[in-house]
>>> print(open('work_1.pdb').read())   # PDB, C-alpha atoms
ATOM      1  CA  MET A   1      -4.854  18.178 -24.976
ATOM      2  CA  ASN A   2      -4.018  14.513 -24.650
ATOM      3  CA  LEU A   3      -6.530  12.484 -22.587
ATOM      4  CA  VAL A   4      -3.727  10.861 -20.555
ATOM      5  CA  ILE A   5      -2.381  14.244 -19.471
ATOM      6  CA  GLN A   6      -5.892  15.503 -18.688
ATOM      7  CA  SER A   7      -6.547  12.386 -16.608
ATOM      8  CA  LEU A   8      -3.306  12.762 -14.688
ATOM      9  CA  LEU A   9      -3.985  16.415 -13.922
ATOM     10  CA  VAL A  10      -7.498  15.720 -12.623
ATOM     11  CA  LEU A  11      -6.451  12.627 -10.668
ATOM     12  CA  LEU A  12      -3.250  13.867  -8.985
ATOM     13  CA  LEU A  13      -5.286  14.990  -5.987
ATOM     14  CA  PHE A  14      -6.708  11.490  -5.496
ATOM     15  CA  VAL A  15      -3.360   9.743  -5.956
ATOM     16  CA  PHE A  16      -1.639  11.909  -3.346
ATOM     17  CA  SER A  17      -4.612  11.722  -0.982
ATOM     18  CA  GLY A  18      -4.815   7.931  -1.272
ATOM     19  CA  GLY A  19      -1.074   7.641  -0.726
ATOM     20  CA  GLU A  20      -1.248   9.752   2.419
ATOM     21  CA  LYS A  21      -4.159   7.710   3.772
ATOM     22  CA  ILE A  22      -2.056   4.529   3.557
ATOM     23  CA  PHE A  23       0.113   5.927   6.349
ATOM     24  CA  SER A  24      -2.786   7.225   8.460
ATOM     25  CA  VAL A  25      -5.509   4.559   8.222
ATOM     26  CA  GLU A  26      -6.206   4.469  11.955
ATOM     27  CA  GLN A  27      -6.150   8.249  12.336
ATOM     28  CA  THR A  28      -8.432   8.766   9.321
ATOM     29  CA  SER A  29     -10.747   6.008  10.521
ATOM     30  CA  LYS A  30     -11.115   7.648  13.934
ATOM     31  CA  LEU A  31     -11.895  10.969  12.263
ATOM     32  CA  LEU A  32     -14.544   9.275  10.117
ATOM     33  CA  GLN A  33     -15.947   7.568  13.213
ATOM     34  CA  SER A  34     -16.289  10.925  14.958
ATOM     35  CA  LYS A  35     -18.254  12.263  11.972
ATOM     36  CA  CYS A  36     -20.507   9.241  11.380
ATOM     37  CA  ASN A  37     -20.777   7.555  14.779
ATOM     38  CA  LEU A  38     -20.093   4.120  13.252
ATOM     39  CA  PRO A  39     -18.032   1.263  14.714
ATOM     40  CA  LEU A  40     -14.290   1.757  14.255
ATOM     41  CA  ALA A  41     -13.930  -1.532  12.369
ATOM     42  CA  LEU A  42     -16.454  -0.358   9.768
ATOM     43  CA  CYS A  43     -14.667   2.969   9.459
ATOM     44  CA  ILE A  44     -11.344   1.174   8.886
ATOM     45  CA  ILE A  45     -12.951  -0.891   6.115
ATOM     46  CA  ALA A  46     -14.406   2.288   4.588
ATOM     47  CA  VAL A  47     -11.034   4.058   4.662
ATOM     48  CA  LEU A  48      -9.322   1.043   3.085
ATOM     49  CA  GLY A  49     -11.996   1.083   0.378
ATOM     50  CA  VAL A  50     -11.365   4.777  -0.234
ATOM     51  CA  ILE A  51      -7.629   4.117  -0.566
ATOM     52  CA  VAL A  52      -8.317   1.420  -3.155
ATOM     53  CA  LEU A  53     -10.733   3.702  -5.003
ATOM     54  CA  GLU A  54      -8.355   6.658  -5.042
ATOM     55  CA  LEU A  55      -5.292   4.668  -6.128
ATOM     56  CA  LEU A  56      -6.659   1.788  -8.186
ATOM     57  CA  GLY A  57      -9.512   3.844  -9.646
ATOM     58  CA  SER A  58      -7.084   6.548 -10.731
ATOM     59  CA  GLY A  59      -4.787   3.911 -12.211
ATOM     60  CA  ILE A  60      -7.647   2.343 -14.158
ATOM     61  CA  ILE A  61      -8.639   5.726 -15.581
ATOM     62  CA  VAL A  62      -5.108   6.598 -16.691
ATOM     63  CA  TYR A  63      -4.579   3.094 -18.109
ATOM     64  CA  SER A  64      -7.836   3.316 -20.015
ATOM     65  CA  ALA A  65      -6.908   6.755 -21.339
ATOM     66  CA  SER A  66      -3.510   5.539 -22.501
ATOM     67  CA  THR A  67      -4.724   2.296 -24.136
ATOM     68  CA  ASN A  68      -8.182   3.418 -25.232
ATOM     69  CA  SER A  69      -9.614   0.263 -23.643
ATOM     70  CA  ASN A  70     -11.635  -0.689 -20.544
ATOM     71  CA  LYS A  71     -13.757   2.444 -20.874
ATOM     72  CA  TYR A  72     -16.529   0.902 -18.768
ATOM     73  CA  PHE A  73     -14.172   0.483 -15.796
ATOM     74  CA  ALA A  74     -12.817   3.990 -16.268
ATOM     75  CA  LYS A  75     -16.349   5.417 -16.215
ATOM     76  CA  MET A  76     -17.250   3.388 -13.106
ATOM     77  CA  SER A  77     -14.071   4.623 -11.397
ATOM     78  CA  ILE A  78     -14.956   8.217 -12.265
ATOM     79  CA  ILE A  79     -18.469   7.759 -10.864
ATOM     80  CA  GLY A  80     -16.969   6.289  -7.686
ATOM     81  CA  LEU A  81     -14.626   9.250  -7.309
ATOM     82  CA  ILE A  82     -17.504  11.687  -7.855
ATOM     83  CA  ILE A  83     -19.588   9.974  -5.161
ATOM     84  CA  PHE A  84     -16.586   9.903  -2.821
ATOM     85  CA  THR A  85     -15.938  13.611  -3.399
ATOM     86  CA  ILE A  86     -19.570  14.486  -2.671
ATOM     87  CA  LEU A  87     -19.530  12.434   0.548
ATOM     88  CA  ALA A  88     -16.190  13.903   1.651
ATOM     89  CA  THR A  89     -17.522  17.398   1.045
ATOM     90  CA  VAL A  90     -20.685  16.787   3.060
ATOM     91  CA  LEU A  91     -18.967  14.945   5.928
ATOM     92  CA  PHE A  92     -15.751  16.912   6.291
ATOM     93  CA  HIS A  93     -15.907  20.263   4.535
ATOM     94  CA  MET A  94     -19.282  21.875   5.128
ATOM     95  CA  GLY A  95     -18.698  25.465   6.152
ATOM     96  CA  GLU A  96     -15.248  25.558   4.519
ATOM     97  CA  LYS A  97     -15.873  27.636   1.410
ATOM     98  CA  GLU A  98     -12.459  26.984  -0.181
ATOM     99  CA  HIS A  99     -12.762  23.192   0.195
ATOM    100  CA  ILE A 100     -16.315  23.174  -1.110
ATOM    101  CA  LEU A 101     -15.306  25.199  -4.166
ATOM    102  CA  LYS A 102     -12.252  22.983  -4.754
ATOM    103  CA  ASN A 103     -14.377  19.850  -4.558
ATOM    104  CA  LEU A 104     -16.987  21.312  -6.895
ATOM    105  CA  SER A 105     -14.194  22.029  -9.362
ATOM    106  CA  VAL A 106     -12.872  18.479  -8.983
ATOM    107  CA  ILE A 107     -16.366  17.093  -9.626
ATOM    108  CA  GLY A 108     -16.579  19.310 -12.709
ATOM    109  CA  GLY A 109     -13.230  17.984 -13.935
ATOM    110  CA  LEU A 110     -14.331  14.400 -13.318
ATOM    111  CA  THR A 111     -17.572  14.914 -15.255
ATOM    112  CA  LEU A 112     -15.620  16.382 -18.173
ATOM    113  CA  LEU A 113     -13.275  13.392 -17.992
ATOM    114  CA  TYR A 114     -16.274  11.047 -17.939
ATOM    115  CA  ASP A 115     -17.524  12.596 -21.164
ATOM    116  CA  ARG A 116     -14.156  11.941 -22.813
ATOM    117  CA  PHE A 117     -14.517   8.156 -22.336
TER     118      PHE A 117
END
>>> encode(input="work_1.pdb", output="structure tokens")
Amino acid sequence: MNLVIQSLLVLLLFVFSGGEKIFSVEQTSKLLQSKCNLPLALCIIAVLGVIVLELLGSGIIVYSASTNSNKYFAKMSIIGLIIFTILATVLFHMGEKEHILKNLSVIGGLTLLYDRF
């Protein structure tokens, strides 16, 4: 299968999630604050960083797959998404078997994608 199509299929979750977070930065930040007990301003910065990672990182990966260039940035974006997925699982989905399994599958897909670059 074409690497661009594989990338898009693995990354759709992050693109939609990042897009949704754009419209709920404050709400998501307050949820993060309740989980981590950090200042709200820091949580807002973290959520904005996650939005950039999910959208820009996904874009970099697809661009790299389609042009066969910037592989280093694609790999760094994939690593960032793996770390984000692990943190999201630990902070928000412990005890939710379906979400844990979904995130493990996403991490598996990202590692396979990493190996393609």
>>> closest_residue(input="work_1.pdb", among="A:Asn68, A:Leu112, A:Lys21, A:Lys35", to="A:His93", atoms="all atoms listed in the file")
A:Lys35
>>> resolve_selection(input="work_1.pdb", expression="the PyMOL selection byres ((chain A and resi 75) around 12)", output="ChimeraX atom specification")
/A:57-58,60-62,64-65,69-74,76-82,110-117
>>> closest_residue(input="work_1.pdb", among="A:Gly109, A:Ile51, A:Lys102, A:Tyr63", to="A:Glu20", atoms="all atoms listed in the file")
A:Ile51
>>> closest_residue(input="work_1.pdb", among="A:Ser29, A:Thr85, A:Ser66, A:Asn37", to="A:Asn2", atoms="all atoms listed in the file")
A:Ser66
>>> atom_distance(input="work_1.pdb", atom1="atom CA of A:Val25", atom2="atom CA of A:Glu96")
23.4 Å
>>> atom_distance(input="work_1.pdb", atom1="atom CA of A:Leu11", atom2="atom CA of A:Cys36")
26.4 Å
>>> resolve_selection(input="work_1.pdb", expression="the PyMOL selection byres ((chain A and resi 18) around 12)", output="ChimeraX atom specification")
/A:11-17,19-25,28,47-59,81
>>> build_atoms(input="work_1.pdb", residues="stretch 32-66 of chain A", atoms="N, CA and C atoms", output="mmCIF file, keeping the file's coordinate frame")
data_model
loop_
_atom_site.group_PDB
_atom_site.id
_atom_site.type_symbol
_atom_site.label_atom_id
_atom_site.label_comp_id
_atom_site.auth_asym_id
_atom_site.auth_seq_id
_atom_site.Cartn_x
_atom_site.Cartn_y
_atom_site.Cartn_z
ATOM 1 N N LEU A 32 -13.281 9.674 10.748
ATOM 2 C CA LEU A 32 -14.544 9.275 10.117
ATOM 3 C C LEU A 32 -15.542 8.811 11.168
ATOM 4 N N GLN A 33 -15.070 8.045 12.142
ATOM 5 C CA GLN A 33 -15.947 7.568 13.213
ATOM 6 C C GLN A 33 -16.554 8.736 13.989
ATOM 7 N N SER A 34 -15.768 9.773 14.225
ATOM 8 C CA SER A 34 -16.289 10.925 14.958
ATOM 9 C C SER A 34 -17.356 11.672 14.158
ATOM 10 N N LYS A 35 -17.277 11.589 12.827
ATOM 11 C CA LYS A 35 -18.254 12.263 11.972
ATOM 12 C C LYS A 35 -19.523 11.440 11.781
ATOM 13 N N CYS A 36 -19.379 10.109 11.754
ATOM 14 C CA CYS A 36 -20.507 9.241 11.380
ATOM 15 C C CYS A 36 -21.072 8.419 12.524
ATOM 16 N N ASN A 37 -20.337 8.350 13.631
ATOM 17 C CA ASN A 37 -20.777 7.555 14.779
ATOM 18 C C ASN A 37 -21.001 6.082 14.406
ATOM 19 N N LEU A 38 -20.060 5.525 13.651
ATOM 20 C CA LEU A 38 -20.093 4.120 13.252
ATOM 21 C C LEU A 38 -19.002 3.368 13.999
ATOM 22 N N PRO A 39 -19.099 2.036 14.064
ATOM 23 C CA PRO A 39 -18.032 1.263 14.714
ATOM 24 C C PRO A 39 -16.688 1.489 14.012
ATOM 25 N N LEU A 40 -15.612 1.488 14.805
ATOM 26 C CA LEU A 40 -14.290 1.757 14.255
ATOM 27 C C LEU A 40 -13.915 0.754 13.167
ATOM 28 N N ALA A 41 -14.268 -0.506 13.371
ATOM 29 C CA ALA A 41 -13.930 -1.532 12.369
ATOM 30 C C ALA A 41 -14.559 -1.194 11.013
ATOM 31 N N LEU A 42 -15.778 -0.737 11.016
ATOM 32 C CA LEU A 42 -16.454 -0.358 9.768
ATOM 33 C C LEU A 42 -15.780 0.866 9.137
ATOM 34 N N CYS A 43 -15.358 1.785 9.975
ATOM 35 C CA CYS A 43 -14.667 2.969 9.459
ATOM 36 C C CYS A 43 -13.319 2.586 8.853
ATOM 37 N N ILE A 44 -12.618 1.642 9.450
ATOM 38 C CA ILE A 44 -11.344 1.174 8.886
ATOM 39 C C ILE A 44 -11.584 0.548 7.524
ATOM 40 N N ILE A 45 -12.617 -0.276 7.407
ATOM 41 C CA ILE A 45 -12.951 -0.891 6.115
ATOM 42 C C ILE A 45 -13.288 0.190 5.088
ATOM 43 N N ALA A 46 -14.041 1.194 5.502
ATOM 44 C CA ALA A 46 -14.406 2.288 4.588
ATOM 45 C C ALA A 46 -13.161 3.043 4.118
ATOM 46 N N VAL A 47 -12.255 3.335 5.027
ATOM 47 C CA VAL A 47 -11.034 4.058 4.662
ATOM 48 C C VAL A 47 -10.176 3.211 3.722
ATOM 49 N N LEU A 48 -10.072 1.922 3.990
ATOM 50 C CA LEU A 48 -9.322 1.043 3.085
ATOM 51 C C LEU A 48 -9.967 1.020 1.702
ATOM 52 N N GLY A 49 -11.290 1.022 1.658
ATOM 53 C CA GLY A 49 -11.996 1.083 0.378
ATOM 54 C C GLY A 49 -11.721 2.386 -0.365
ATOM 55 N N VAL A 50 -11.661 3.475 0.372
ATOM 56 C CA VAL A 50 -11.365 4.777 -0.234
ATOM 57 C C VAL A 50 -9.944 4.786 -0.800
ATOM 58 N N ILE A 51 -9.007 4.203 -0.072
ATOM 59 C CA ILE A 51 -7.629 4.117 -0.566
ATOM 60 C C ILE A 51 -7.585 3.351 -1.878
ATOM 61 N N VAL A 52 -8.276 2.220 -1.928
ATOM 62 C CA VAL A 52 -8.317 1.420 -3.155
ATOM 63 C C VAL A 52 -8.958 2.229 -4.283
ATOM 64 N N LEU A 53 -10.057 2.891 -3.985
ATOM 65 C CA LEU A 53 -10.733 3.702 -5.003
ATOM 66 C C LEU A 53 -9.816 4.806 -5.526
ATOM 67 N N GLU A 54 -9.185 5.532 -4.612
ATOM 68 C CA GLU A 54 -8.355 6.658 -5.042
ATOM 69 C C GLU A 54 -7.144 6.197 -5.857
ATOM 70 N N LEU A 55 -6.503 5.118 -5.437
ATOM 71 C CA LEU A 55 -5.292 4.668 -6.128
ATOM 72 C C LEU A 55 -5.599 3.776 -7.321
ATOM 73 N N LEU A 56 -6.360 2.717 -7.096
ATOM 74 C CA LEU A 56 -6.659 1.788 -8.186
ATOM 75 C C LEU A 56 -7.588 2.435 -9.211
ATOM 76 N N GLY A 57 -8.600 3.163 -8.732
ATOM 77 C CA GLY A 57 -9.512 3.844 -9.646
ATOM 78 C C GLY A 57 -8.781 4.835 -10.536
ATOM 79 N N SER A 58 -7.875 5.602 -9.939
ATOM 80 C CA SER A 58 -7.084 6.548 -10.731
ATOM 81 C C SER A 58 -6.217 5.806 -11.742
ATOM 82 N N GLY A 59 -5.613 4.707 -11.306
ATOM 83 C CA GLY A 59 -4.787 3.911 -12.211
ATOM 84 C C GLY A 59 -5.581 3.354 -13.379
ATOM 85 N N ILE A 60 -6.785 2.872 -13.094
ATOM 86 C CA ILE A 60 -7.647 2.343 -14.158
ATOM 87 C C ILE A 60 -7.983 3.436 -15.175
ATOM 88 N N ILE A 61 -8.275 4.621 -14.685
ATOM 89 C CA ILE A 61 -8.639 5.726 -15.581
ATOM 90 C C ILE A 61 -7.457 6.092 -16.474
ATOM 91 N N VAL A 62 -6.282 6.235 -15.893
ATOM 92 C CA VAL A 62 -5.108 6.598 -16.691
ATOM 93 C C VAL A 62 -4.760 5.476 -17.673
ATOM 94 N N TYR A 63 -4.848 4.229 -17.215
ATOM 95 C CA TYR A 63 -4.579 3.094 -18.109
ATOM 96 C C TYR A 63 -5.559 3.087 -19.282
ATOM 97 N N SER A 64 -6.822 3.296 -18.968
ATOM 98 C CA SER A 64 -7.836 3.316 -20.015
ATOM 99 C C SER A 64 -7.602 4.460 -20.993
ATOM 100 N N ALA A 65 -7.191 5.605 -20.471
ATOM 101 C CA ALA A 65 -6.908 6.755 -21.339
ATOM 102 C C ALA A 65 -5.710 6.481 -22.241
ATOM 103 N N SER A 66 -4.725 5.768 -21.717
ATOM 104 C CA SER A 66 -3.510 5.539 -22.501
ATOM 105 C C SER A 66 -3.658 4.400 -23.501
#
